[in-house]
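Listing of coords-v2.txt; format and content: compact mmCIF, C-alpha atoms.
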# COMPACT_ATOMS: atom_id res chain seq x y z
CA MET I 1 0.00 0.00 0.00
CA PRO I 2 1.46 3.40 -0.90
CA ASP I 3 2.16 5.77 1.98
CA ARG I 4 -0.44 8.42 1.38
CA ASN I 5 0.65 10.42 4.43
CA GLN I 6 3.67 11.79 2.57
CA THR I 7 1.52 13.83 0.20
CA LEU I 8 -1.33 14.87 2.45
CA PRO I 9 -1.97 18.33 3.87
CA ASP I 10 -1.11 18.50 7.54
CA PHE I 11 -2.12 21.10 10.14
CA ARG I 12 -0.55 21.76 13.52
CA ASP I 13 -3.87 22.80 15.03
CA PRO I 14 -6.66 21.41 12.83
CA PRO I 15 -10.24 22.40 13.68
CA VAL I 16 -11.30 18.75 13.96
CA ASN I 17 -14.06 18.18 16.48
CA GLU I 18 -14.74 14.54 15.63
CA THR I 19 -13.75 11.77 13.28
CA ALA I 20 -15.62 8.55 12.54
CA LEU I 21 -14.58 5.48 10.59
CA SER I 22 -17.44 3.19 9.66
CA ILE I 23 -17.67 -0.30 8.18
CA GLN I 24 -21.09 -1.29 6.85
CA PHE I 25 -21.99 -4.88 5.99
CA ALA I 26 -24.97 -6.99 5.05
CA PRO I 27 -27.07 -7.65 8.18
CA VAL I 28 -25.55 -10.57 10.04
CA PRO I 29 -28.26 -13.27 10.25
CA LYS I 30 -29.42 -14.07 13.79
CA PHE I 31 -27.50 -11.11 15.27
CA GLY I 32 -30.15 -10.27 17.83
CA ALA I 33 -30.31 -8.07 20.91
CA GLN I 34 -28.69 -10.71 23.12
CA TYR I 35 -25.42 -10.36 21.23
CA PHE I 36 -25.05 -6.67 22.03
CA GLY I 37 -24.68 -7.50 25.71
CA LEU I 38 -22.36 -10.39 25.02
CA TYR I 39 -20.21 -8.16 22.86
CA TRP I 40 -20.12 -5.43 25.47
CA ALA I 41 -18.84 -8.00 27.97
CA LYS I 42 -15.84 -8.48 25.66
CA ILE I 43 -14.94 -4.80 25.54
CA ARG I 44 -16.31 -3.46 28.81
CA HIS I 45 -12.87 -3.21 30.40
CA GLU I 46 -12.14 -0.44 27.89
CA TYR I 47 -15.60 0.87 27.02
CA THR I 48 -17.24 1.20 30.39
CA ARG I 49 -20.43 3.03 29.42
CA SER I 50 -23.23 2.08 27.06
CA GLN I 51 -26.42 3.46 25.58
CA ALA I 52 -29.06 2.08 23.22
CA LEU I 53 -30.19 4.21 20.28
CA PRO I 54 -32.23 3.76 17.12
CA PRO I 55 -30.13 2.22 14.33
CA LEU I 56 -28.69 4.22 11.49
CA PRO I 57 -30.23 3.52 8.10
CA SER I 58 -27.94 1.76 5.67
CA ALA I 59 -26.23 4.17 3.29
CA THR I 60 -24.92 3.07 -0.09
CA GLU I 61 -23.42 5.13 -2.88
CA GLU I 62 -25.21 4.43 -6.16
CA PHE I 63 -23.73 5.16 -9.58
CA GLU I 64 -26.44 4.14 -12.03
CA ALA I 65 -27.47 6.77 -14.56
CA GLY I 66 -30.11 9.04 -13.12
CA SER I 67 -29.57 7.95 -9.56
CA ARG I 68 -29.65 10.65 -6.97
CA VAL I 69 -26.39 12.04 -5.72
CA PRO I 70 -27.16 11.59 -2.01
CA PRO I 71 -26.56 8.11 -0.64
CA GLN I 72 -29.44 5.70 -0.85
CA PHE I 73 -30.95 5.10 2.55
CA GLY I 74 -32.78 1.80 2.32
CA ILE I 75 -35.38 0.12 4.43
CA GLN I 76 -34.42 -3.42 5.28
CA LEU I 77 -36.88 -6.04 6.45
CA ILE I 78 -35.28 -7.96 9.26
CA ASN I 79 -36.52 -10.22 12.01
CA GLU I 80 -34.27 -8.92 14.76
CA PRO I 81 -35.07 -5.87 16.91
CA GLU I 82 -33.63 -2.66 15.52
CA LEU I 83 -30.96 -1.42 17.83
CA ARG I 84 -27.72 0.52 17.83
CA CYS I 85 -25.49 0.43 20.88
CA TRP I 86 -22.94 3.00 21.91
CA PHE I 87 -20.00 1.84 24.00
CA TRP I 88 -17.64 4.55 25.19
CA ASP I 89 -14.66 4.89 27.47
CA ASP I 90 -14.30 6.81 30.73
CA THR I 91 -13.14 9.96 28.95
CA GLY I 92 -15.99 9.88 26.44
CA ASN I 93 -13.48 10.55 23.66
CA ARG I 94 -13.51 7.03 22.23
CA LEU I 95 -16.83 5.59 21.09
CA VAL I 96 -17.73 2.30 19.43
CA GLN I 97 -21.12 2.08 17.71
CA LEU I 98 -22.51 -1.32 16.83
CA GLN I 99 -25.67 -2.38 15.02
CA HIS I 100 -26.62 -5.44 13.01
CA ASP I 101 -25.04 -4.06 9.84
CA ARG I 102 -22.42 -1.56 10.94
CA LEU I 103 -19.43 -0.99 13.20
CA ILE I 104 -18.27 2.58 13.74
CA TYR I 105 -15.32 3.92 15.67
CA ASN I 106 -15.50 7.58 16.69
CA TRP I 107 -13.02 9.93 18.29
CA ARG I 108 -14.71 13.06 19.57
CA GLN I 109 -13.82 16.07 21.63
CA ILE I 110 -15.64 16.24 24.93
CA ARG I 111 -13.97 19.12 26.78
CA GLY I 112 -12.61 20.90 23.71
CA ASP I 113 -8.93 20.96 24.68
CA GLU I 114 -8.06 17.38 23.77
CA ASN I 115 -5.40 16.94 21.11
CA TYR I 116 -6.62 15.29 17.94
CA PRO I 117 -4.94 11.87 18.01
CA ARG I 118 -4.48 11.77 14.19
CA TYR I 119 -5.72 9.29 11.65
CA PRO I 120 -3.16 6.49 12.07
CA SER I 121 -4.11 6.13 15.72
CA ILE I 122 -7.83 6.10 14.96
CA ARG I 123 -7.29 3.67 12.09
CA ASP I 124 -5.39 1.32 14.38
CA ALA I 125 -8.15 1.52 16.98
CA LEU I 126 -10.81 0.63 14.41
CA LYS I 127 -8.70 -2.29 13.25
CA VAL I 128 -8.54 -3.63 16.78
CA GLU I 129 -12.31 -3.32 17.14
CA TRP I 130 -13.00 -4.84 13.75
CA LEU I 131 -10.82 -7.88 14.48
CA ARG I 132 -12.41 -8.22 17.90
CA PHE I 133 -15.89 -8.04 16.39
CA SER I 134 -15.00 -10.57 13.69
CA ASP I 135 -13.59 -12.94 16.32
CA PHE I 136 -16.73 -12.47 18.38
CA LEU I 137 -18.97 -13.43 15.47
CA GLU I 138 -16.86 -16.47 14.78
CA GLY I 139 -16.91 -17.47 18.43
CA GLU I 140 -20.70 -17.24 18.45
CA HIS I 141 -20.92 -19.29 15.22
CA LEU I 142 -22.41 -16.36 13.34
CA GLU I 143 -21.67 -15.51 9.72
CA LYS I 144 -18.67 -13.45 8.75
CA PRO I 145 -19.66 -9.87 7.84
CA LYS I 146 -19.95 -9.18 4.13
CA VAL I 147 -18.73 -5.60 3.86
CA ASN I 148 -20.52 -3.37 1.36
CA GLN I 149 -19.54 0.22 2.26
CA CYS I 150 -16.89 2.09 4.20
CA GLU I 151 -17.12 5.64 5.47
CA VAL I 152 -14.66 8.27 6.67
CA ILE I 153 -16.13 11.31 8.41
CA TYR I 154 -14.34 14.41 9.67
CA VAL I 155 -16.32 17.06 11.51
CA ASN I 156 -14.61 20.45 11.67
CA HIS I 157 -15.80 23.37 13.75
CA ILE I 158 -14.79 26.83 12.56
CA GLU I 159 -15.33 29.33 15.36
CA TYR I 160 -16.50 32.86 14.63
CA GLY I 161 -13.96 35.59 15.25
CA LYS I 162 -10.97 33.46 14.32
CA GLY I 163 -10.03 34.60 10.83
CA TRP I 164 -13.54 35.73 9.92
CA ASN I 165 -16.48 37.54 11.46
CA GLY I 166 -19.79 36.28 10.18
CA TYR I 167 -21.20 35.16 6.86
CA GLY I 168 -20.37 38.38 5.07
CA GLU I 169 -16.79 37.14 5.29
CA LEU I 170 -17.43 33.50 4.42
CA ASN I 171 -15.06 33.88 1.48
CA ARG I 172 -12.26 34.12 4.04
CA VAL I 173 -13.04 30.54 5.09
CA VAL I 174 -14.51 28.72 2.11
CA ALA I 175 -12.42 28.84 -1.04
CA PRO I 176 -15.21 28.22 -3.60
CA TRP I 177 -17.39 30.99 -2.10
CA SER I 178 -16.84 34.43 -3.64
CA GLY I 179 -19.46 36.29 -1.65
CA ASP I 180 -20.10 38.56 -4.63
CA SER I 181 -23.56 39.49 -5.92
CA SER I 182 -24.56 40.63 -9.41
CA GLY I 183 -26.24 43.70 -7.95
CA THR I 184 -26.46 45.64 -4.71
CA PHE I 185 -29.87 44.55 -3.44
CA LEU I 186 -29.00 41.65 -1.17
CA PRO I 187 -27.46 42.32 2.23
CA VAL I 188 -24.80 40.00 3.59
CA PRO I 189 -26.27 36.59 4.36
CA GLU I 190 -27.36 35.97 7.90
CA ARG I 191 -26.29 32.33 7.70
CA VAL I 192 -25.25 29.97 4.89
CA ASN I 193 -25.81 26.25 4.36
CA MET I 194 -24.00 24.43 1.59
CA GLU I 195 -23.69 20.88 0.26
CA THR I 196 -21.32 19.71 -2.44
CA HIS I 197 -20.69 16.22 -3.79
CA TYR I 198 -17.68 14.87 -5.63
CA LEU I 199 -17.17 11.61 -7.47
CA LEU I 200 -14.09 9.58 -6.64
CA PRO I 201 -12.32 8.18 -9.71
CA ASP I 202 -13.41 4.82 -11.14
CA ARG I 203 -16.63 5.00 -9.12
CA LEU I 204 -14.79 4.14 -5.98
CA GLY I 205 -17.16 6.32 -3.99
CA ARG I 206 -18.11 9.91 -3.29
CA LEU I 207 -16.95 12.75 -1.13
CA HIS I 208 -19.77 14.76 0.41
CA ILE I 209 -19.06 18.13 1.98
CA SER I 210 -21.79 19.74 4.03
CA MET I 211 -21.43 23.11 5.67
CA GLN I 212 -23.88 24.60 8.10
CA PRO I 213 -24.03 26.70 11.25
CA VAL I 214 -24.58 24.54 14.32
CA ILE I 215 -24.89 24.89 18.04
CA ARG I 216 -22.06 22.82 19.44
CA GLY I 217 -23.20 20.56 22.21
CA ARG I 218 -20.27 20.78 24.56
CA ASP I 219 -20.33 24.57 25.04
CA THR I 220 -23.59 25.70 23.32
CA GLN I 221 -21.49 27.95 21.09
CA GLU I 222 -22.66 28.61 17.53
CA VAL I 223 -19.93 27.60 15.07
CA LEU I 224 -19.62 26.84 11.37
CA GLN I 225 -19.51 23.07 10.92
CA ILE I 226 -17.82 21.64 7.86
CA MET I 227 -18.41 17.91 7.68
CA LEU I 228 -16.66 15.79 5.08
CA THR I 229 -17.90 12.26 4.41
CA ALA I 230 -16.16 9.88 2.02
CA ARG I 231 -18.15 6.74 1.32
CA GLY I 232 -17.73 3.82 -1.04
CA ALA I 233 -17.35 0.09 -1.46
CA PRO I 234 -14.10 -1.74 -0.78
CA LYS I 235 -12.99 -4.34 -3.32
CA SER I 236 -13.78 -7.17 -0.93
CA SER I 237 -14.46 -7.91 2.73
CA SER I 238 -10.80 -8.64 3.42
CA ILE I 239 -9.23 -6.51 6.09
CA ASP I 240 -6.62 -5.24 3.63
CA ASP I 241 -9.25 -4.07 1.16
CA ILE I 242 -11.36 -2.47 3.89
CA PHE I 243 -8.48 -0.44 5.27
CA ASP I 244 -7.17 0.36 1.82
CA TRP I 245 -10.53 1.98 1.05
CA LEU I 246 -10.54 3.81 4.38
CA ASP I 247 -7.08 5.19 3.56
CA LEU I 248 -8.40 6.37 0.20
CA GLY I 249 -11.42 7.95 1.86
CA ARG I 250 -9.23 9.69 4.39
CA GLU I 251 -7.01 11.01 1.58
CA TRP I 252 -10.05 12.51 -0.14
CA VAL I 253 -11.35 13.99 3.09
CA VAL I 254 -8.06 15.63 3.99
CA LYS I 255 -7.23 16.89 0.50
CA GLY I 256 -10.84 17.92 0.01
CA PHE I 257 -10.81 19.93 3.22
CA ALA I 258 -7.60 21.69 2.22
CA ASP I 259 -9.06 22.54 -1.22
CA PHE I 260 -12.39 23.64 0.24
CA THR I 261 -10.87 26.06 2.76
CA THR I 262 -8.69 29.11 2.19
CA ASP I 263 -4.97 29.67 2.55
CA SER I 264 -5.57 32.34 5.19
CA MET I 265 -7.41 29.81 7.39
CA HIS I 266 -4.66 27.28 6.73
CA LYS I 267 -2.19 29.73 8.26
CA ILE I 268 -4.37 30.02 11.37
CA TRP I 269 -4.51 26.24 11.65
CA GLY I 270 -0.75 25.97 11.14
CA ARG I 271 -0.50 24.19 7.83
CA ARG I 272 2.79 22.29 7.64
CA SER I 273 2.51 20.53 4.28
CA MET U 1 -49.32 25.17 36.77
CA ASN U 2 -48.21 21.76 37.88
CA ALA U 3 -50.81 19.24 36.76
CA LEU U 4 -49.59 18.08 33.39
CA THR U 5 -52.00 15.33 32.53
CA ASN U 6 -52.84 15.77 28.93
CA PRO U 7 -50.65 13.74 26.56
CA VAL U 8 -50.67 15.07 23.03
CA PHE U 9 -48.28 12.71 21.32
CA ALA U 10 -45.61 10.28 22.31
CA LEU U 11 -42.84 8.05 21.15
CA TYR U 12 -41.45 9.70 18.10
CA GLN U 13 -37.72 9.52 17.69
CA PRO U 14 -35.77 12.74 17.58
CA GLU U 15 -33.86 13.13 14.35
CA SER U 16 -30.71 14.62 15.77
CA ARG U 17 -28.97 11.25 16.34
CA TYR U 18 -29.46 9.94 12.81
CA ASP U 19 -25.90 10.13 11.62
CA SER U 20 -22.63 8.41 12.41
CA THR U 21 -21.26 11.16 14.61
CA GLY U 22 -21.22 10.96 18.37
CA SER U 23 -21.23 14.64 19.26
CA ARG U 24 -24.31 16.78 19.62
CA ALA U 25 -24.41 19.54 17.00
CA VAL U 26 -27.75 21.15 16.24
CA ARG U 27 -28.10 22.61 12.76
CA VAL U 28 -29.42 26.14 12.93
CA GLY U 29 -28.87 27.46 9.41
CA SER U 30 -32.55 27.82 8.61
CA LEU U 31 -33.83 28.79 12.05
CA ASN U 32 -34.88 32.07 13.59
CA GLU U 33 -32.94 33.83 16.30
CA TRP U 34 -35.46 32.91 18.99
CA GLN U 35 -35.08 29.26 18.02
CA VAL U 36 -31.29 29.50 18.16
CA GLU U 37 -31.44 31.00 21.64
CA ALA U 38 -33.95 28.39 22.80
CA LEU U 39 -31.82 25.58 21.40
CA LYS U 40 -28.74 26.89 23.20
CA LYS U 41 -30.65 26.62 26.46
CA ILE U 42 -31.82 23.10 25.69
CA VAL U 43 -28.39 21.90 24.60
CA GLY U 44 -26.91 23.45 27.73
CA LEU U 45 -29.13 21.20 29.86
CA GLU U 46 -27.19 18.21 28.56
CA SER U 47 -24.28 19.20 30.77
CA LEU U 48 -26.31 19.01 33.98
CA GLY U 49 -24.91 16.42 36.32
CA HIS U 50 -26.66 13.98 38.56
CA ASN U 51 -28.29 15.58 41.59
CA TRP U 52 -28.44 18.90 39.76
CA ASN U 53 -31.40 19.97 41.92
CA SER U 54 -29.91 18.72 45.21
CA TYR U 55 -32.78 16.25 45.45
CA GLY U 56 -31.12 13.42 43.56
CA SER U 57 -32.60 14.05 40.13
CA VAL U 58 -31.02 12.65 37.00
CA PRO U 59 -30.26 15.10 34.16
CA PRO U 60 -32.40 15.15 31.01
CA SER U 61 -31.69 12.10 28.87
CA ALA U 62 -30.42 12.23 25.30
CA TRP U 63 -33.92 11.36 24.12
CA VAL U 64 -35.46 14.20 26.10
CA ILE U 65 -32.88 16.69 24.81
CA GLY U 66 -33.34 15.49 21.23
CA THR U 67 -37.11 15.62 21.47
CA ALA U 68 -37.05 19.15 22.88
CA ILE U 69 -34.74 20.21 20.05
CA ASP U 70 -37.07 18.69 17.48
CA PHE U 71 -40.06 20.40 19.05
CA ILE U 72 -38.44 23.84 18.86
CA CYS U 73 -37.24 23.25 15.30
CA LYS U 74 -40.77 22.39 14.21
CA VAL U 75 -42.33 25.66 15.33
CA PRO U 76 -43.24 27.30 12.04
CA PHE U 77 -43.46 30.91 13.27
CA ASP U 78 -40.92 33.70 13.10
CA ASN U 79 -41.58 35.47 16.36
CA PRO U 80 -43.60 33.63 18.99
CA PRO U 81 -42.88 34.58 22.58
CA MET U 82 -39.54 33.31 23.80
CA PRO U 83 -40.22 30.14 25.80
CA ARG U 84 -38.99 29.60 29.32
CA ILE U 85 -37.02 26.38 29.30
CA MET U 86 -36.10 24.49 32.43
CA PRO U 87 -35.17 21.00 33.57
CA VAL U 88 -37.65 19.19 35.74
CA ALA U 89 -37.00 16.61 38.43
CA GLY U 90 -36.86 13.07 37.11
CA GLY U 91 -35.00 13.91 33.92
CA GLY U 92 -37.53 15.90 31.90
CA ILE U 93 -37.60 19.30 30.27
CA GLN U 94 -40.42 21.83 30.50
CA MET U 95 -41.01 24.60 27.97
CA GLU U 96 -43.46 27.39 28.74
CA TRP U 97 -44.92 30.00 26.45
CA GLU U 98 -47.07 32.87 27.65
CA LYS U 99 -48.94 35.31 25.44
CA GLY U 100 -51.68 37.57 26.82
CA ARG U 101 -54.21 35.45 28.63
CA ARG U 102 -52.88 32.21 27.23
CA GLU U 103 -50.25 29.86 28.58
CA LEU U 104 -48.83 26.75 27.01
CA GLU U 105 -46.69 24.22 28.83
CA VAL U 106 -44.96 21.32 27.14
CA GLU U 107 -43.22 18.78 29.33
CA ILE U 108 -41.05 16.08 27.81
CA HIS U 109 -40.58 13.07 30.04
CA PRO U 110 -37.79 10.49 29.98
CA ASP U 111 -40.42 7.76 29.63
CA THR U 112 -40.85 9.13 26.07
CA THR U 113 -44.18 10.81 26.67
CA ILE U 114 -44.90 14.44 25.98
CA GLU U 115 -47.56 16.24 27.97
CA VAL U 116 -49.18 19.54 27.20
CA LEU U 117 -51.16 21.92 29.32
CA GLN U 118 -53.03 24.84 27.85
CA ALA U 119 -54.53 27.48 30.11
CA ILE U 120 -56.46 30.72 29.72
CA ASN U 121 -56.31 33.20 32.57
CA GLY U 122 -54.59 30.51 34.63
CA ARG U 123 -57.42 27.99 34.18
CA PRO U 124 -56.47 24.72 32.48
CA LEU U 125 -58.55 23.77 29.48
CA ASN U 126 -60.57 20.60 29.26
CA PRO U 127 -58.11 17.83 28.37
CA ASP U 128 -60.57 16.48 25.85
CA GLU U 129 -59.99 19.51 23.67
CA VAL U 130 -56.56 18.25 22.62
CA SER U 131 -56.21 15.37 20.22
CA SER U 132 -53.19 13.41 19.10
CA PRO U 133 -52.15 14.56 15.59
CA ALA U 134 -48.77 14.07 13.91
CA PRO U 135 -45.98 15.87 15.75
CA ARG U 136 -45.34 18.73 13.33
CA ALA U 137 -49.03 19.43 12.99
CA ALA U 138 -49.39 19.30 16.76
CA VAL U 139 -46.60 21.80 17.29
CA GLU U 140 -48.09 24.17 14.74
CA ARG U 141 -51.57 23.85 16.20
CA LEU U 142 -50.40 24.48 19.76
CA LEU U 143 -48.41 27.56 18.87
CA THR U 144 -51.25 28.83 16.71
CA TRP U 145 -53.60 28.44 19.68
CA LEU U 146 -51.24 30.53 21.77
CA SER U 147 -51.58 33.45 19.38
CA VAL U 148 -55.33 33.37 18.78
CA ASP U 149 -56.28 36.48 20.81
Target encoding structure tokens, full file:
Amino acid sequence: MPDRNQTLPDFRDPPVNETALSIQFAPVPKFGAQYFGLYWAKIRHEYTRSQALPPLPSATEEFEAGSRVPPQFGIQLINEPELRCWFWDDTGNRLVQLQHDRLIYNWRQIRGDENYPRYPSIRDALKVEWLRFSDFLEGEHLEKPKVNQCEVIYVNHIEYGKGWNGYGELNRVVAPWSGDSSGTFLPVPERVNMETHYLLPDRLGRLHISMQPVIRGRDTQEVLQIMLTARGAPKSSSIDDIFDWLDLGREWVVKGFADFTTDSMHKIWGRRS
Amino acid sequence: MNALTNPVFALYQPESRYDSTGSRAVRVGSLNEWQVEALKKIVGLESLGHNWNSYGSVPPSAWVIGTAIDFICKVPFDNPPMPRIMPVAGGGIQMEWEKGRRELEVEIHPDTTIEVLQAINGRPLNPDEVSSPAPRAAVERLLTWLSVD
């Protein structure tokens, strides 16, 4: 596998608030509610807290002519109860999400002053969890997961007053945004939402960039959130192919973020390469 | 007002947890300023600890917070009165609107029920007057009722 890190943009102080790496697979037959508890018992020494939530819908990038750009969220008819479980550690920074067709590893800021641990560390952590989950399924005589999509998500929070002051100066943050009008009628925008979608080469997936003002949960501060999601299908369910796709997705997220944001913001975030 | 006995609707899932992220971030790009301020108050309740009221109460659950957020986001009016928003013992959230003679209380419970009390001149209305429509329609109808006078 080529070392993609050598060519990727790197920031000393990136505005990353959260990253998530997700592996989606065909629903594992017979994976019912009882297995969530059994699985938690395997990881509880590290992930001491848990919570049950509604499951995420499956999301698959489609490439047929005329298909919609957004991922297809399907309804699946299954016999098992619909459930997603969160398992997180004492700090709250590390989170494992499990449902009958998906395993997600999240790193998230809780206090706001935690250092972003960087992709290789998060990748390694997902690998540990994926192997542990695969071993668990085997130990319970359940089918091996048939992986159909992988996802890389970076959530960035751009605070007001740091390099820009409101949506009249959005062009100081977002490179494709000029902020110009054809006339003089419109005032500066109060707020701006934006979504853009990019095809990866050879239909390997898509990069979705969504930008919107949000209230951040940890401090109730309004910030500009730029979320980048790369999603696509690995060549096979082998661990090498899964993590090769995740590396590709991460490359698109990081390069996409650098392209989408301005040089002046890069200086604030301490761009090193 | 303290007798909240009139359930309007229950058991709908808040939408704010329907993505792969694990951090709360409420999208406000299409909302009014009063909604943004109300949402800041609701989101701030998530940081309450156990025993926040010195009587052993748990803080509002993620479901309660998410449901309160959804409720505020579904109000279709630009400038209703700013609601008073407060946690209630047992892990719920109460939102109160007052306009002229009319008062509207919405209490979201951790058992996934939502109760509503409407009052005119401090007198609660007959509970039979409130039905159980779809959530967005219910929110619109309640806030419309508040502004009838």
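In chain I, the set of residues within 7 Å of chain U (atoms considered: all atoms listed in the file) is Ala20, Leu56, Asn106, Arg108, Arg191, Val192, Asn193, Gln212, Pro213, Val214, Ile215, Arg216, Gly217 and Thr220 of chain I.
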Problem - Atom-to-atom span, atom CA of I:Lys42 and atom CA of I:Ile110, Å - result: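 Going from atom CA of I:Lys42 over to atom CA of I:Ile110, I get 24.7 Å.
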Exercise for the section: Would you mind reading off the distance between atom CA of U:Gly92 and atom CA of U:Asn53, one decimal, in Å? Expected result: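 Here the two named atoms are 12.4 Å from each other.
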Exercise for the section: May I ask for the distance between atom CA of I:Leu53 and atom CA of I:Trp86, given in Å to one decimal place? Expected result: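 Rounded to one decimal, the two atoms are 7.5 Å apart.
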Problem - Selection near I:Phe11, 6 Å with all atoms listed in the file, sequence-local residues under 2 positions removed, as a PyMOL selection string - result: chain I and resi 13-14+269-272
Is it possible to add N, CA and C atoms to stretch 77-93 of chain U and hand it back as a PDB file, keeping the file's coordinate frame?
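What follows is the written file result.pdb:
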ATOM      1  N   PHE U  77     -43.219  29.468  13.195  1.00  0.00           N
ATOM      2  CA  PHE U  77     -43.460  30.910  13.270  1.00  0.00           C
ATOM      3  C   PHE U  77     -42.174  31.677  13.541  1.00  0.00           C
ATOM      4  N   ASP U  78     -42.126  32.901  12.990  1.00  0.00           N
ATOM      5  CA  ASP U  78     -40.920  33.700  13.100  1.00  0.00           C
ATOM      6  C   ASP U  78     -40.699  34.269  14.496  1.00  0.00           C
ATOM      7  N   ASN U  79     -41.776  34.713  15.119  1.00  0.00           N
ATOM      8  CA  ASN U  79     -41.580  35.470  16.360  1.00  0.00           C
ATOM      9  C   ASN U  79     -42.628  35.162  17.422  1.00  0.00           C
ATOM     10  N   PRO U  80     -42.746  33.894  17.830  1.00  0.00           N
ATOM     11  CA  PRO U  80     -43.600  33.630  18.990  1.00  0.00           C
ATOM     12  C   PRO U  80     -42.893  34.146  20.240  1.00  0.00           C
ATOM     13  N   PRO U  81     -43.586  34.182  21.355  1.00  0.00           N
ATOM     14  CA  PRO U  81     -42.880  34.580  22.580  1.00  0.00           C
ATOM     15  C   PRO U  81     -41.729  33.629  22.861  1.00  0.00           C
ATOM     16  N   MET U  82     -40.672  34.169  23.435  1.00  0.00           N
ATOM     17  CA  MET U  82     -39.540  33.310  23.800  1.00  0.00           C
ATOM     18  C   MET U  82     -39.979  32.360  24.917  1.00  0.00           C
ATOM     19  N   PRO U  83     -39.792  31.066  24.742  1.00  0.00           N
ATOM     20  CA  PRO U  83     -40.220  30.140  25.800  1.00  0.00           C
ATOM     21  C   PRO U  83     -39.267  30.173  26.990  1.00  0.00           C
ATOM     22  N   ARG U  84     -39.842  29.892  28.152  1.00  0.00           N
ATOM     23  CA  ARG U  84     -38.990  29.600  29.320  1.00  0.00           C
ATOM     24  C   ARG U  84     -38.684  28.110  29.267  1.00  0.00           C
ATOM     25  N   ILE U  85     -37.439  27.779  29.426  1.00  0.00           N
ATOM     26  CA  ILE U  85     -37.020  26.380  29.300  1.00  0.00           C
ATOM     27  C   ILE U  85     -36.291  25.988  30.578  1.00  0.00           C
ATOM     28  N   MET U  86     -36.723  24.898  31.170  1.00  0.00           N
ATOM     29  CA  MET U  86     -36.100  24.490  32.430  1.00  0.00           C
ATOM     30  C   MET U  86     -36.113  22.973  32.559  1.00  0.00           C
ATOM     31  N   PRO U  87     -35.130  22.450  33.283  1.00  0.00           N
ATOM     32  CA  PRO U  87     -35.170  21.000  33.570  1.00  0.00           C
ATOM     33  C   PRO U  87     -36.191  20.743  34.662  1.00  0.00           C
ATOM     34  N   VAL U  88     -36.731  19.557  34.662  1.00  0.00           N
ATOM     35  CA  VAL U  88     -37.650  19.190  35.740  1.00  0.00           C
ATOM     36  C   VAL U  88     -37.135  17.905  36.401  1.00  0.00           C
ATOM     37  N   ALA U  89     -37.470  17.768  37.665  1.00  0.00           N
ATOM     38  CA  ALA U  89     -37.000  16.610  38.430  1.00  0.00           C
ATOM     39  C   ALA U  89     -37.433  15.324  37.739  1.00  0.00           C
ATOM     40  N   GLY U  90     -36.560  14.352  37.748  1.00  0.00           N
ATOM     41  CA  GLY U  90     -36.860  13.070  37.110  1.00  0.00           C
ATOM     42  C   GLY U  90     -36.284  12.944  35.720  1.00  0.00           C
ATOM     43  N   GLY U  91     -35.684  14.025  35.209  1.00  0.00           N
ATOM     44  CA  GLY U  91     -35.000  13.910  33.920  1.00  0.00           C
ATOM     45  C   GLY U  91     -35.777  14.476  32.750  1.00  0.00           C
ATOM     46  N   GLY U  92     -36.762  15.301  32.991  1.00  0.00           N
ATOM     47  CA  GLY U  92     -37.530  15.900  31.900  1.00  0.00           C
ATOM     48  C   GLY U  92     -37.125  17.328  31.613  1.00  0.00           C
ATOM     49  N   ILE U  93     -37.766  17.885  30.612  1.00  0.00           N
ATOM     50  CA  ILE U  93     -37.600  19.300  30.270  1.00  0.00           C
ATOM     51  C   ILE U  93     -38.988  19.909  30.112  1.00  0.00           C
TER      52      ILE U  93
END
